Structures are given as C-alpha cells and as structure tokens.
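Step one of this worksheet: look at the structure below.
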Amino acid sequence: MKDKRCLNIAVDCFPLSDEKYTGIPLVVLNILTEIQKIDKINNYYLLFKSKNKAFHVTNNKWHVIEKFKIRILINNFFYEKIQKSTGSKSLIRVFKILKILIDLVFFSIYQLFLPFWLIYKNIDIYIATSSDYLIPCFFRRPKTILFVYDLVWKLFPETMEWQNRIKMMIFAKKNIKNAYHLVSISESTKHDLITTLKIFKPVTTIHLAANEKNYYRASKKKIEEVKMKYNIKGKYILSVCTIEPRKNLISLLKAFSVLKMKGYSLVLTGKVGWQQAIFYKSISELNINDKIIITGYIPDVDLAPLYSGAEVFVYPSIYEGFGLPVLEAMQSGCPVITSCFSALPEVAGDAAITIDTRDFMKLANAIEKVLKNDRLRKKMRRLGMQRAKQFSWRKTAESLLNVIRSF
C-alpha cells in the first residue's frame with residue numbers, strides 16, 4: 001500500500017461452491033492461491049456460501065467465513081439427492097420450485113446482511129468475483145472491485161438461457177454501475193465496457209493464465225493412458241468447452257463432417273449446457289455418430305494428456321471474454337485453431353490460426369491444413385508454448401494487488 005497500512009479485504013468466494021472448477025471458479029481459486037503467497041500485509045476475509053473445500057489457508061491473516069452453508073444442505077436434501085432417488089417428474093418439479101424459493105430466501109438474507117457485516121468488520125475493499133449477487137452500494141465503505149468476464153448478456157443475449165440472461169442484465173449492469181473499480185480479463189472486454197456500456201470509471205485489464213501444474217506437455221505414456229481411459233482410439237481432433245450455442249459447436253460438427261482426411265475422431269470435452277438437443281440432432285443428421293466421442297466433464301489431471309495427444313485443438317466460440325482453453329491447449333503443446341472474434345486473437349497472438357469459424361468450410365480447410373502438415377504442427381506447438389509463457393497466475397495476482405494499492 002502507499003502507506004503500507006494493513007487493509008481489511010473481503011472476497012466473494014461464492015463461485016467456489018461448485019466442486020467442478022472450470023471457468024470463474026478456476027479463476028478465483030488460482031488468483032487467491034497466488035495472492036496468499038505474495039501479500040503478507042493485508043487481512044483477507046473469504047466469504048463462502050457452503051463449506052470451503054477448495055481453498056487451503058496457510059496465512060494467519062486469511063479468514064474463511066462459512067456463514068451460508070445451511071442453504072446448500074437444504075438444497076441437497078430437497079433437490080439433488082431426492083432427484084437421484086425418484087423417477088417422478090411431478091416430484092422433481094416440486095423440488096425445483098422449492099430450490100428456487102430457497103435460493104430467493106438466501107439471496108434476500110445475504111443482500112440485507114452483507115453491507116452490515118462489511119461495516120462491522122471494518123472492511124476497506126470488497127472484491128466481487130462475479131455478478132451472482134448485487135454488490136453493496138448503500139454506504140461509502142468499502143470500495144468495491146468488480147471482475148467483469150464478458151458482456152455476452154449484452155452483445156449475444158440469444159446465446160444464453162433466458163433465466164441467466166435476465167439475471168445478468170439486471171445484476172451485471174447494476175454492479176458495473178455501482179463498483180468503484182472494474183477489472184476486465186482482456187482488452188477486448190475492456191473495449192466492450194467502454195464502447196457498449198459507456199463506462200467512465202477506472203477499468204484495469206488483468207489477463208488470466210493456465211496453471212503450470214495442470215497444463216504441460218504430457219509424456220506419450222500418459223497420453224495413451226488417458227486415451228484408453230476415455231476409449232479414444234487413433235488420432236483425434238479436440239475441443240474443450242461447454243455444449244451451448246455460444247461455443248459454435250454446430251459449425252465444428254459440419255466442418256468435421258466434410259473433412260477429406262479420414263481416420264480421425266472428434267473428441268468433445270466439457271459440461272453439458274443448454275440446447276444440447278439441437279447439438280445431438282446435428283450429429284445424427286450429419287451421420288458422424290461413430291466418429292464423435294463426448295467425454296463430459298473430466299478432471300484437470302486428465303486434461304494435459306488429452307490436449308497433448310490431440311492433432312489439433314479447435315475452439316470455434318463466437319464470443320469469449322478471454323478463452324482459457326486456448327491458453328491451456330497451447331501450454332500443453334497442442335496446435336490451436338480458434339475464432340477471430342472478441343478476446344481470442346488477443347490470447348492466441350501469432351501462435352494460433354484465427355479465422356471466422358462461423359463459416360464451416362473455412363474451418364474445415366484450416367483443420368485440414370494443420371492435419372496434413374507435420375512441419376506446421378511442430379511450429380504451432382513451439383509458438384504456442386512460447387506464447388503461454390507470457391501469462392502466469394503470479395502476474396495476474398500482482399496486477400490485482402497493484403489495483404488494491406492504487407486506492
């Protein structure tokens with residue numbers, strides 16, 4: 001700090017309630033891990049809505065607050081566990097409604113309780129890691145740092161489920177207005193904030209990174225073990241993302257179906273989002289069922305070998321605030337083809353092929369270009385690994401600390 005005084009900093013850790021750490025939860029976990037290593041001055045209060053299973057505290061200036069875990073226990077009882085034990089659709093519908101009501105009650109309690117808790121603890125800075133809740137705006141203290149990951153709710157609302165779209169249109173817009181300082185995860189997102197929402201407050205770009213322990217050039221032995229685990233035979237093309245409209249996977253399916261080079265599988269890894277029925281219907285209509293391998297969500301320990309073993313990684317998303325899988329693939333030594341939209345060229349630099357992936361023939365041509373050229377693949381692997389070294393979670397954490405020190 002400018003005067004080296006100790007600040008009380010509260011961090012919204014609610015995204016870490018999801019035990020599958022992808023996307024925002026992964027970002028929060030990595031940033032906190034690095035900040036704990038380098039900030040020996042300030043006090044941190046980590047707010048969890050359930051029991052903390054994600055973050056290991058090793059600093060006596062760091063405090064875990066598990067005020068809201070009762071809500072998770074109730075939800076598990078009323079919905080998740082009961083859904084697994086009954087085939088009755090009517091009962092499931094009832095429990096879904098109960099879950100929504102419990103969420104609303106919890107939301108109301110949290111929104112009322114948080115501002116007073118922040119004052120009681122004499123919090124100087126509140127870091128909002130997402131817009132799942134409205135940030136406190138009733139008092140001058142604390143000053144709020146808000147992470148803005150993208151503006152998909154504004155620029156591509158049709159690619160979101162209506163519930164999430166409405167929530168983000170209200171919460172994100174309100175939070176952006178009330179925050180003291182905004183953190184964007186790319187220059188692209190910062191540009192969107194300034195030009196689309198006409199923001200005239202401090203916005204700092206802080207790039208993300210791929211964890212060095214999780215993403216690396218895996219050995220042939222490890223690659224074969226992971227391929228066997230997920231029943232992948234022979235050479236394959238890989239894409240890692242949630243199955244949802246914004247990821248533009250239909251274009252990838254069409255591109256794959258017209259490839260002249262045969263003998264490859266298309267491996268799709270990630271959680272199932274919404275409108276998956278259209279996705280599965282496309283696979284059948286294109287008559288490529290026997291060539292598609294869908295693994296679902298897989299643990300981090302298997303991702304590096306999966307990336308490393310692929311002939312090429314394709315990320316055809318039409319909009320990303322950053323695009324972490326691109327960086328993960330490059331760090332794992334896999335050639336990358338991605339979209340020329342939003343933040344993806346900013347992340348990929350000159351180490352990947354960037355094209356308009358909405359045109360499936362252009363995408364197919366790019367894939368074939370990489371598949372049939374061994375020298376090009378080797379060059380892309382080398383450039384990708386060099387590019388990935390320019391990003392690190394330590395740099396991300398130091399940049400966030402610089403924002404804190406600027407207050």
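All residue names refer to the structure tokens as shown: chains lettered A, B, ... in order, residues numbered from 1 in each chain, ligands numbered from 1 in order.
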
Practice task
Write out as a ChimeraX atom specification which residues come within 9 Å of segment 263-280 of chain A when counting only C-alpha atoms, dropping same-chain ones fewer than 3 positions away.
Solution key: /A:160-161,232-245,249-250,253,256,283-285,290-298,310

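Using only C-alpha atoms, the residues found no farther than 7 Å from Thr205 of chain A, other than those of its own chain fewer than 2 positions away, are Val183, Ser184, Ile185, Ser186, Glu187, Lys190, Val203 and His207 of chain A.
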
Report the closest atom pair, with its distance in Å rounded to one decimal, for each residue of segment 164-269 of chain A that has an atom no farther than 6 Å from segment 124-140 of chain A; count only C-alpha atoms, sort by chain and then rising residue number, and write it as JSON lines.
```
{"residue": "A:Phe171", "atom": "CA", "partner": "A:Leu134", "partner_atom": "CA", "distance": 5.9}
{"residue": "A:Ala172", "atom": "CA", "partner": "A:Ser131", "partner_atom": "CA", "distance": 5.4}
{"residue": "A:Asn175", "atom": "CA", "partner": "A:Ile135", "partner_atom": "CA", "distance": 6.0}
```

Practice task
Within 10 Å of Lys177 of chain A, counting only C-alpha atoms, which residues show up once you throw out same-chain ones fewer than 2 positions away? Write them as JSON, numbers by chain, please.
Solution key: {"A": [137, 171, 172, 173, 174, 175, 179, 180, 181, 182, 197, 199, 200, 201]}

Problem - Residues flagged strand (DSSP E) by DSSP in segment 159-243 of chain A, as a PyMOL selection string - result: chain A and resi 181-184+203-205+236-240

Residues as selected, C-alpha atoms, written as a tab-separated table (two decimals), in the first residue's frame, can you do that?
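Saved file selection02.tsv follows:
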```tsv
chain	number	residue	atom	x	y	z
A	181	HIS	CA	-13.12	-0.08	-9.91
A	182	LEU	CA	-13.65	-2.63	-12.69
A	183	VAL	CA	-11.29	-5.44	-13.62
A	184	SER	CA	-11.66	-6.82	-17.14
A	203	VAL	CA	-11.09	-0.21	-15.78
A	204	THR	CA	-7.95	-2.33	-15.45
A	205	THR	CA	-7.22	-5.27	-17.73
A	236	TYR	CA	-8.19	-37.19	-32.82
A	237	ILE	CA	-9.24	-33.56	-33.05
A	238	LEU	CA	-10.12	-31.97	-29.70
A	239	SER	CA	-12.46	-29.27	-28.46
A	240	VAL	CA	-12.91	-28.41	-24.76
```

Exercise for the section: Do a neighbour search on Ile355 of chain A at 10 Å with only C-alpha atoms, toss out local chain neighbours closer than 6 positions, and write the hits as number ranges by chain. Expected result: A: 316, 337-341, 345, 362-363, 366

Residues from the last selection, N, CA and C atoms, saved as a PDB file, in the first residue's frame:
```pdb
ATOM      1  N   PRO A 316     -14.114 -22.954 -31.544  1.00  0.00           N
ATOM      2  CA  PRO A 316     -14.843 -22.124 -32.506  1.00  0.00           C
ATOM      3  C   PRO A 316     -15.805 -21.104 -31.914  1.00  0.00           C
ATOM      4  N   ILE A 337      -6.570 -23.885 -33.388  1.00  0.00           N
ATOM      5  CA  ILE A 337      -7.374 -23.117 -34.345  1.00  0.00           C
ATOM      6  C   ILE A 337      -8.523 -22.507 -33.555  1.00  0.00           C
ATOM      7  N   THR A 338      -8.715 -21.198 -33.670  1.00  0.00           N
ATOM      8  CA  THR A 338      -9.784 -20.564 -32.915  1.00  0.00           C
ATOM      9  C   THR A 338     -10.401 -19.416 -33.719  1.00  0.00           C
ATOM     10  N   SER A 339     -11.387 -18.779 -33.130  1.00  0.00           N
ATOM     11  CA  SER A 339     -12.127 -17.716 -33.810  1.00  0.00           C
ATOM     12  C   SER A 339     -11.340 -16.411 -33.841  1.00  0.00           C
ATOM     13  N   CYS A 340     -11.670 -15.582 -34.796  1.00  0.00           N
ATOM     14  CA  CYS A 340     -11.027 -14.262 -34.901  1.00  0.00           C
ATOM     15  C   CYS A 340     -11.879 -13.200 -34.219  1.00  0.00           C
ATOM     16  N   PHE A 341     -12.732 -13.626 -33.290  1.00  0.00           N
ATOM     17  CA  PHE A 341     -13.650 -12.714 -32.614  1.00  0.00           C
ATOM     18  C   PHE A 341     -13.237 -12.450 -31.174  1.00  0.00           C
ATOM     19  N   PRO A 345      -8.196 -13.688 -30.424  1.00  0.00           N
ATOM     20  CA  PRO A 345      -6.926 -13.321 -31.067  1.00  0.00           C
ATOM     21  C   PRO A 345      -5.944 -12.673 -30.087  1.00  0.00           C
ATOM     22  N   LYS A 362     -14.458 -22.756 -44.185  1.00  0.00           N
ATOM     23  CA  LYS A 362     -13.177 -22.148 -43.803  1.00  0.00           C
ATOM     24  C   LYS A 362     -12.553 -22.914 -42.642  1.00  0.00           C
ATOM     25  N   LEU A 363     -13.412 -23.310 -41.711  1.00  0.00           N
ATOM     26  CA  LEU A 363     -12.928 -24.064 -40.553  1.00  0.00           C
ATOM     27  C   LEU A 363     -12.391 -25.429 -40.983  1.00  0.00           C
ATOM     28  N   ALA A 366      -9.012 -25.015 -42.612  1.00  0.00           N
ATOM     29  CA  ALA A 366      -7.964 -24.730 -41.622  1.00  0.00           C
ATOM     30  C   ALA A 366      -7.547 -26.012 -40.899  1.00  0.00           C
TER      31      ALA A 366
END
```

Practice task
Check the smallest atom-to-atom distance from each of A:Leu155, A:Val105, A:Met169, A:Leu208 to Tyr319 of chain A using only C-alpha atoms, then report the winner.
Solution key: A:Leu155

Exercise for the section: Mind checking which residues fall within 9 Å of Thr159 of chain A, counting only C-alpha atoms, ignoring those fewer than 2 positions away in the same chain, and posting them as a ChimeraX atom specification? Expected result: /A:152-153,156-157,161,165,244-247

Could you take the residues named above and write them with N, CA and C atoms, as a compact mmCIF listing (two decimals), in the first residue's frame?
```txt
# COMPACT_ATOMS: atom_id res chain seq x y z
N VAL A 152 -21.48 -10.98 -22.64
CA VAL A 152 -22.28 -11.83 -23.51
C VAL A 152 -23.77 -11.53 -23.35
N TRP A 153 -24.20 -11.15 -22.13
CA TRP A 153 -25.60 -10.83 -21.87
C TRP A 153 -26.06 -9.60 -22.64
N PHE A 156 -24.52 -10.81 -27.00
CA PHE A 156 -25.08 -12.04 -27.59
C PHE A 156 -26.11 -12.65 -26.65
N PRO A 157 -27.16 -11.92 -26.32
CA PRO A 157 -28.15 -12.43 -25.36
C PRO A 157 -28.86 -13.69 -25.82
N GLU A 161 -29.45 -18.86 -21.71
CA GLU A 161 -30.76 -19.25 -21.22
C GLU A 161 -31.46 -18.01 -20.69
N ARG A 165 -29.94 -14.80 -18.67
CA ARG A 165 -29.90 -13.55 -19.42
C ARG A 165 -30.55 -12.42 -18.63
N GLU A 244 -23.06 -25.54 -25.60
CA GLU A 244 -24.08 -24.49 -25.61
C GLU A 244 -23.92 -23.67 -26.89
N PRO A 245 -24.95 -22.92 -27.29
CA PRO A 245 -24.93 -22.23 -28.58
C PRO A 245 -23.73 -21.31 -28.82
N ARG A 246 -23.30 -20.58 -27.80
CA ARG A 246 -22.22 -19.60 -27.99
C ARG A 246 -20.90 -20.25 -28.41
N LYS A 247 -20.72 -21.52 -28.07
CA LYS A 247 -19.47 -22.20 -28.40
C LYS A 247 -19.39 -22.60 -29.87
```

What are the closest atom pairs, with distances in Å to one decimal, for each residue of segment 236-333 of chain A lying within 12 Å of segment 25-33 of chain A, using only C-alpha atoms, rows by chain and rising residue number, as CSV?
```
residue,atom,partner,partner_atom,distance
A:Asp300,CA,A:Leu26,CA,10.5
A:Phe322,CA,A:Val27,CA,11.2
A:Gly323,CA,A:Val27,CA,11.8
A:Leu324,CA,A:Val27,CA,9.5
A:Pro325,CA,A:Leu26,CA,11.8
```

Practice task
Per DSSP on the backbone, filter segment 154-239 of chain A down to the residues in helix (DSSP H, G or I) and report them as a ChimeraX atom specification.
Solution key: /A:154-155,157-159,162-178,187-196,220-229

Can I get the selection written as a short mmCIF file (atom, residue, chain, number, x, y, z; two decimals), in the first residue's frame, with N, CA and C atoms?
```cif
data_model
loop_
_atom_site.label_atom_id
_atom_site.label_comp_id
_atom_site.auth_asym_id
_atom_site.auth_seq_id
_atom_site.Cartn_x
_atom_site.Cartn_y
_atom_site.Cartn_z
N LYS A 154 -25.11 -8.76 -23.01
CA LYS A 154 -25.43 -7.54 -23.76
C LYS A 154 -25.23 -7.73 -25.26
N LEU A 155 -24.15 -8.39 -25.64
CA LEU A 155 -23.78 -8.50 -27.05
C LEU A 155 -24.38 -9.71 -27.75
N PRO A 157 -27.16 -11.92 -26.32
CA PRO A 157 -28.15 -12.43 -25.36
C PRO A 157 -28.86 -13.69 -25.82
N GLU A 158 -28.96 -13.86 -27.14
CA GLU A 158 -29.65 -15.03 -27.67
C GLU A 158 -28.91 -16.34 -27.39
N THR A 159 -27.65 -16.25 -26.98
CA THR A 159 -26.87 -17.46 -26.70
C THR A 159 -26.95 -17.88 -25.24
N TRP A 162 -32.77 -17.96 -20.85
CA TRP A 162 -33.50 -16.73 -20.52
C TRP A 162 -33.35 -16.34 -19.06
N GLN A 163 -33.28 -17.35 -18.14
CA GLN A 163 -33.13 -17.01 -16.72
C GLN A 163 -31.80 -16.30 -16.46
N ASN A 164 -30.73 -16.86 -17.00
CA ASN A 164 -29.41 -16.26 -16.81
C ASN A 164 -29.31 -14.91 -17.50
N ARG A 165 -29.94 -14.80 -18.67
CA ARG A 165 -29.90 -13.55 -19.42
C ARG A 165 -30.55 -12.42 -18.63
N ILE A 166 -31.74 -12.68 -18.09
CA ILE A 166 -32.44 -11.65 -17.31
C ILE A 166 -31.66 -11.30 -16.05
N LYS A 167 -31.14 -12.33 -15.38
CA LYS A 167 -30.37 -12.10 -14.16
C LYS A 167 -29.16 -11.22 -14.42
N MET A 168 -28.42 -11.54 -15.48
CA MET A 168 -27.21 -10.78 -15.79
C MET A 168 -27.54 -9.37 -16.28
N MET A 169 -28.62 -9.22 -17.01
CA MET A 169 -29.00 -7.90 -17.49
C MET A 169 -29.31 -6.96 -16.33
N ILE A 170 -29.82 -7.53 -15.23
CA ILE A 170 -30.13 -6.72 -14.05
C ILE A 170 -28.91 -6.60 -13.15
N PHE A 171 -28.34 -7.75 -12.77
CA PHE A 171 -27.27 -7.75 -11.77
C PHE A 171 -25.97 -7.17 -12.31
N ALA A 172 -25.53 -7.66 -13.47
CA ALA A 172 -24.25 -7.20 -14.00
C ALA A 172 -24.28 -5.70 -14.30
N LYS A 173 -25.36 -5.26 -14.91
CA LYS A 173 -25.46 -3.83 -15.25
C LYS A 173 -25.45 -2.97 -13.99
N LYS A 174 -26.19 -3.41 -12.97
CA LYS A 174 -26.25 -2.67 -11.70
C LYS A 174 -24.89 -2.67 -11.00
N ASN A 175 -24.23 -3.83 -10.98
CA ASN A 175 -22.93 -3.94 -10.32
C ASN A 175 -21.87 -3.11 -11.01
N ILE A 176 -21.88 -3.11 -12.33
CA ILE A 176 -20.91 -2.31 -13.09
C ILE A 176 -21.10 -0.83 -12.77
N LYS A 177 -22.33 -0.43 -12.62
CA LYS A 177 -22.63 0.97 -12.29
C LYS A 177 -22.15 1.34 -10.88
N ASN A 178 -22.31 0.42 -9.94
CA ASN A 178 -22.03 0.74 -8.53
C ASN A 178 -20.59 0.45 -8.09
N GLU A 187 -8.35 -6.95 -22.98
CA GLU A 187 -8.54 -5.63 -23.58
C GLU A 187 -9.83 -5.60 -24.40
N SER A 188 -10.21 -6.74 -24.94
CA SER A 188 -11.45 -6.85 -25.70
C SER A 188 -12.66 -6.56 -24.81
N THR A 189 -12.68 -7.16 -23.62
CA THR A 189 -13.78 -6.91 -22.69
C THR A 189 -13.77 -5.46 -22.21
N LYS A 190 -12.59 -4.91 -21.97
CA LYS A 190 -12.49 -3.50 -21.58
C LYS A 190 -13.06 -2.60 -22.68
N HIS A 191 -12.72 -2.91 -23.92
CA HIS A 191 -13.24 -2.14 -25.06
C HIS A 191 -14.76 -2.22 -25.11
N ASP A 192 -15.31 -3.42 -24.87
CA ASP A 192 -16.76 -3.60 -24.87
C ASP A 192 -17.41 -2.78 -23.76
N LEU A 193 -16.77 -2.75 -22.59
CA LEU A 193 -17.30 -1.97 -21.47
C LEU A 193 -17.39 -0.49 -21.81
N ILE A 194 -16.33 0.01 -22.40
CA ILE A 194 -16.25 1.45 -22.69
C ILE A 194 -17.17 1.85 -23.85
N THR A 195 -17.18 1.04 -24.90
CA THR A 195 -17.93 1.41 -26.10
C THR A 195 -19.41 1.04 -26.03
N THR A 196 -19.70 -0.10 -25.40
CA THR A 196 -21.09 -0.58 -25.36
C THR A 196 -21.86 -0.01 -24.19
N LYS A 220 4.20 -39.57 -23.76
CA LYS A 220 3.43 -40.48 -24.61
C LYS A 220 2.71 -41.53 -23.77
N LYS A 221 3.38 -41.98 -22.70
CA LYS A 221 2.77 -42.98 -21.83
C LYS A 221 1.51 -42.44 -21.18
N LYS A 222 1.58 -41.20 -20.67
CA LYS A 222 0.42 -40.59 -20.02
C LYS A 222 -0.70 -40.34 -21.02
N ILE A 223 -0.33 -39.93 -22.23
CA ILE A 223 -1.33 -39.71 -23.28
C ILE A 223 -2.09 -40.99 -23.58
N GLU A 224 -1.37 -42.09 -23.72
CA GLU A 224 -2.01 -43.37 -24.04
C GLU A 224 -2.90 -43.84 -22.90
N GLU A 225 -2.49 -43.59 -21.66
CA GLU A 225 -3.31 -43.97 -20.51
C GLU A 225 -4.64 -43.23 -20.51
N VAL A 226 -4.59 -41.92 -20.79
CA VAL A 226 -5.81 -41.12 -20.80
C VAL A 226 -6.69 -41.48 -22.00
N LYS A 227 -6.07 -41.74 -23.14
CA LYS A 227 -6.85 -42.17 -24.33
C LYS A 227 -7.59 -43.48 -24.03
N MET A 228 -6.92 -44.39 -23.38
CA MET A 228 -7.55 -45.67 -23.04
C MET A 228 -8.69 -45.45 -22.05
N LYS A 229 -8.48 -44.54 -21.09
CA LYS A 229 -9.49 -44.25 -20.07
C LYS A 229 -10.79 -43.76 -20.68
#
```
